[in-house]
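Worksheet for the structure shown next.
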Amino acid sequence: MTAITSTRELSTVTDFSNFAPPEITGDRILAAIDVGTNSIHMVVVKIQPDLPAFTIVDREKETVRLGDFNEETGGLSEAAMERAIKALKRCCAIATSLQAEDVVAVATSAVREASNGQAFIERVNQDVGLAINLISGTEEARRIYLGVLSGVEFNGQPHSIIDIGGGSTELILGTGEPHRFLSSTKVGAVRLTAQFVSTDPISDAEFIDLRAYVRGMLEPNTTGLKHHLAPEEPMQLMGTSGTIECLAAQIAIQRLGLVPDPLNGFQMSYAEISQLVETLRKTTYAERLAMAEMSPRRAEIIVAGAVILHEAMGLLKADSITICERALREGVVVDWMLTHGLIEDRMQFQKSVRQRNVLKTAKKYKVHLERSQRVAQFAMDLFDQTRGSLHTWGNLEKELLWAAAILHNCGHFISHSSHHKHSYYLVRHGELLGYTETELEVIANIARYHRKSAPKKKHDNYRNLPTRYHRQLITHLSALLRIAVALDRRGIGAVKRIHCHVDADAHRLHVEVEPAKPSDDCASELWNLDYKKEYFEQVFEVQLEARLVTG
């Protein structure tokens with residue numbers, strides 16, 4: 001890791017030490033946006049694939065207070081949405097001026113919980129032309145972990161990470177390899193200020209209630225984190241987020257007389273945090289506003305934020321905490337690099353996070369894995385052999401089909417009857433890591449339509465998909481999955497492999513079926529294929545003709 005100076009700010013190079021495929025060259029510009037409960041943050045980075053590394057070339061932040069919900073509707077207020085849309089337009093303009101090839105945006109707690117969160121996402125898409133990916137709390141924690149790893153070398157030693165947002169607090173434990181523990185708790189500086197603080201300075205009664213609530217909410221996850229540490233195993237605590245950086249600035253002023261720039265690596269003790277909490281609880285809003293690095297909005301919520309950090313450190317028995325300026329936004333960048341094949345060996349465990357969590361979920365719901373893997377392989381073969389002739393989907397869509405194929409029968413865990421509908425529910429609400437909420441919706445829908453009814457707009461799960469693109473994707477991929485399922489009708493691996501050929505002039509798809517045993521005529525599979533092909537033929541406007549081939 002090397003620090004370099006740009007004209008705009010101190011920019012940090014994240015070096016992954018020669019683990020990129022050598023054929024990928026040429027710098028790439030990416031913008032990553034975090035649509036949070038209190039603020040919208042953006043980083044613009046220059047990715048150097050031949051290293052691979054990324055350099056932060058610009059940062060933008062705007063306080064939009066999305067978490068100021070409409071009390072009557074439980075949704076985002078009109079004023080907050082307007083502020084957010086204006087901020088996102090500015091972010092996109094900056095990204096365009098810096099020639100970013102892609103802008104990746106994620107939304108967290110406020111949009112997740114708002115009654116009109118999906119409507120807000122659609123409005124941003126329409127007004128700004130920006131697609132926002134909604135991510136779960138645990139997926140947010142995973143990406144924060146990626147972001148921290150991009151700037152800190154853990155050297156195989158356990159590190160806990162705390163990120164205090166406006167609506168939630170994430171706790172993570174890892175060693176630089178696969179995370180040991182991820183959690184998201186609904187305690188955030190904005191949320192708790194709205195719930196508990198109405199006096200200025202905060203009254204003793206409100207402070208006691210606030211502290212007790214935070215402790216009670218955090219205790220299950222701090223206990224869970226500690227259970228993933230071996231007896232007497234040391235652990236270092238790292239803190240990310242604007243709230244923790246603001247607290248660090250106050251302590252730096254007291255100790256050093258100035259605020260280090262950057263704050264990255266600054267360490268503060270539990271005793272210092274304890275003293276700062278006592279100071280903050282006695283100050284008025286006007287007095288807090290006069291403090292260093294204290295914006296008007298931060299001054300409103302900093303007491304609640306300080307209590308969260310203090311209680312977390314106490315429950316974790318952490319003597320100190322070290323600031324890391326890398327967090328969710330940088331994690332979004334790393335995740336983009338992973339999914340685009342720009343990082344390989346060092347973070348291979350993260351590149352395969354999707355596959356590992358799909359297989360983990362399959363095991364949880366007692367899926368017959370050998371059978372589902374055969375179906376998945378048939379689905380991949382169909383996808384690859386018809387790409388360019390029947391469809392033009394790419395590798396990212398192929399990944400979603402694979403996940404749906406592995407999990408298409410997981411609904412049997414609940415009941416055989418209507419198990420495809422149960423599969424939808426289990427996939428959708430299983431918190432598979434590595435996927436956005438929209439991607440989970442796509443996977444769940446593909447699994448849901450592997451049998452019985454075709455997708456229909458009267459079905460809520462299909463009608464409520466964000467765009468026509470997503471509906472067409474599900475229609476195409478569920479049709480492929482139905483054929484793949486038919487090819488393993490008896491569940492014994494009767495079909496060894498398939499070969500497809502599209503006759504474009506005749507509008508026919510020829511499928512050659514090779515049996516695993518020359519003596520097996522695969523009559524059940526061929527019959528089931530013929531029985532299930534009608535939907536496929538309607539979707540792709542071809543006739544499907546299958547025949548057995550041997551030798």
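All residue names refer to the structure tokens as shown: chains lettered A, B, ... in order, residues numbered from 1 in each chain, ligands numbered from 1 in order.
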query: Within 12 Å of Ala292 (chain A), counting only C-alpha atoms, which residues qualify if same-chain residues fewer than 5 places away don't, as an MDAnalysis selection string?
result: chainID A and resid 245:254 257:260 287 298:299
Non-local contacts of region 540-548 of chain A (10 Å; only C-alpha atoms; under 2 positions in same chain excluded) as a count of residues only: 39
- request: Quick one: pull the distance between CA of Glu325 (chain A) and CA of Val303 (chain A), Å, one decimal.
  value: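 Going from CA of Glu325 (chain A) over to CA of Val303 (chain A), I get 21.0 Å.
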- request: Go through region 104-298 of chain A and collect every residue that DSSP, computed from the backbone, puts in strand (DSSP E or B); the answer should be as a PyMOL selection string.
  value: chain A and resi 104-107+132-134+159-164+169-174+181-185+236-240+267-269
message: For the helix (DSSP H, G or I) assignment from backbone DSSP, which residues of region 174-334 of chain A qualify? Please present them as a PyMOL selection string.
response: chain A and resi 189-196+204-226+242-256+270-281+285-289+296-316+328-334
Please provide as a PDB file with N, CA, C and O atoms, in the first residue's frame all residues within 10 Å of region 121-129 of chain A, with the sequence filter that same-chain residues fewer than 5 positions apart are discarded (counting only C-alpha atoms).
```pdb
ATOM      1  N   MET A  81     -36.265  12.796  -0.222  1.00  0.00           N
ATOM      2  CA  MET A  81     -36.060  12.202  -1.552  1.00  0.00           C
ATOM      3  C   MET A  81     -35.569  13.251  -2.540  1.00  0.00           C
ATOM      4  O   MET A  81     -34.704  12.969  -3.376  1.00  0.00           O
ATOM      5  N   GLU A  82     -36.103  14.462  -2.446  1.00  0.00           N
ATOM      6  CA  GLU A  82     -35.647  15.544  -3.333  1.00  0.00           C
ATOM      7  C   GLU A  82     -34.175  15.859  -3.086  1.00  0.00           C
ATOM      8  O   GLU A  82     -33.399  16.038  -4.019  1.00  0.00           O
ATOM      9  N   ALA A  84     -31.948  13.855  -1.877  1.00  0.00           N
ATOM     10  CA  ALA A  84     -31.143  12.722  -2.342  1.00  0.00           C
ATOM     11  C   ALA A  84     -30.995  12.737  -3.857  1.00  0.00           C
ATOM     12  O   ALA A  84     -29.897  12.496  -4.387  1.00  0.00           O
ATOM     13  N   ILE A  85     -32.069  13.020  -4.558  1.00  0.00           N
ATOM     14  CA  ILE A  85     -32.024  13.026  -6.027  1.00  0.00           C
ATOM     15  C   ILE A  85     -31.095  14.141  -6.530  1.00  0.00           C
ATOM     16  O   ILE A  85     -30.300  13.927  -7.457  1.00  0.00           O
ATOM     17  N   LYS A  86     -31.154  15.300  -5.905  1.00  0.00           N
ATOM     18  CA  LYS A  86     -30.244  16.389  -6.296  1.00  0.00           C
ATOM     19  C   LYS A  86     -28.787  15.994  -6.052  1.00  0.00           C
ATOM     20  O   LYS A  86     -27.913  16.246  -6.880  1.00  0.00           O
ATOM     21  N   LEU A  88     -27.561  12.935  -5.921  1.00  0.00           N
ATOM     22  CA  LEU A  88     -27.180  11.874  -6.857  1.00  0.00           C
ATOM     23  C   LEU A  88     -26.925  12.426  -8.255  1.00  0.00           C
ATOM     24  O   LEU A  88     -26.038  11.946  -8.966  1.00  0.00           O
ATOM     25  N   LYS A  89     -27.687  13.430  -8.640  1.00  0.00           N
ATOM     26  CA  LYS A  89     -27.437  14.072  -9.934  1.00  0.00           C
ATOM     27  C   LYS A  89     -26.052  14.707  -9.947  1.00  0.00           C
ATOM     28  O   LYS A  89     -25.312  14.611 -10.935  1.00  0.00           O
ATOM     29  N   ARG A  90     -25.678  15.351  -8.839  1.00  0.00           N
ATOM     30  CA  ARG A  90     -24.352  15.964  -8.767  1.00  0.00           C
ATOM     31  C   ARG A  90     -23.263  14.900  -8.800  1.00  0.00           C
ATOM     32  O   ARG A  90     -22.242  15.060  -9.475  1.00  0.00           O
ATOM     33  N   CYS A  92     -23.403  11.953 -10.179  1.00  0.00           N
ATOM     34  CA  CYS A  92     -23.307  11.401 -11.537  1.00  0.00           C
ATOM     35  C   CYS A  92     -22.628  12.378 -12.484  1.00  0.00           C
ATOM     36  O   CYS A  92     -21.881  11.966 -13.381  1.00  0.00           O
ATOM     37  N   ALA A  93     -22.873  13.669 -12.287  1.00  0.00           N
ATOM     38  CA  ALA A  93     -22.215  14.675 -13.133  1.00  0.00           C
ATOM     39  C   ALA A  93     -20.701  14.659 -12.909  1.00  0.00           C
ATOM     40  O   ALA A  93     -19.911  14.756 -13.862  1.00  0.00           O
ATOM     41  N   ALA A 107     -27.828   1.041  -1.705  1.00  0.00           N
ATOM     42  CA  ALA A 107     -28.627   1.686  -0.667  1.00  0.00           C
ATOM     43  C   ALA A 107     -28.717   0.755   0.527  1.00  0.00           C
ATOM     44  O   ALA A 107     -28.756  -0.476   0.377  1.00  0.00           O
ATOM     45  N   VAL A 111     -33.400   3.054   3.042  1.00  0.00           N
ATOM     46  CA  VAL A 111     -34.174   2.625   1.872  1.00  0.00           C
ATOM     47  C   VAL A 111     -34.699   1.208   2.067  1.00  0.00           C
ATOM     48  O   VAL A 111     -35.808   0.877   1.638  1.00  0.00           O
ATOM     49  N   ASN A 116     -41.766   3.159   1.130  1.00  0.00           N
ATOM     50  CA  ASN A 116     -41.691   3.561  -0.276  1.00  0.00           C
ATOM     51  C   ASN A 116     -40.270   3.446  -0.824  1.00  0.00           C
ATOM     52  O   ASN A 116     -39.894   4.159  -1.763  1.00  0.00           O
ATOM     53  N   LEU A 134     -30.192  -2.339  -3.825  1.00  0.00           N
ATOM     54  CA  LEU A 134     -30.538  -2.436  -2.412  1.00  0.00           C
ATOM     55  C   LEU A 134     -29.851  -3.668  -1.834  1.00  0.00           C
ATOM     56  O   LEU A 134     -29.952  -4.759  -2.390  1.00  0.00           O
ATOM     57  N   PRO A 466     -38.170  -4.707 -10.791  1.00  0.00           N
ATOM     58  CA  PRO A 466     -37.895  -3.296 -11.085  1.00  0.00           C
ATOM     59  C   PRO A 466     -38.102  -2.874 -12.535  1.00  0.00           C
ATOM     60  O   PRO A 466     -38.611  -1.795 -12.800  1.00  0.00           O
ATOM     61  N   THR A 467     -37.686  -3.718 -13.495  1.00  0.00           N
ATOM     62  CA  THR A 467     -37.705  -3.284 -14.886  1.00  0.00           C
ATOM     63  C   THR A 467     -38.127  -4.420 -15.820  1.00  0.00           C
ATOM     64  O   THR A 467     -38.149  -5.595 -15.443  1.00  0.00           O
TER      65      THR A 467
END
```
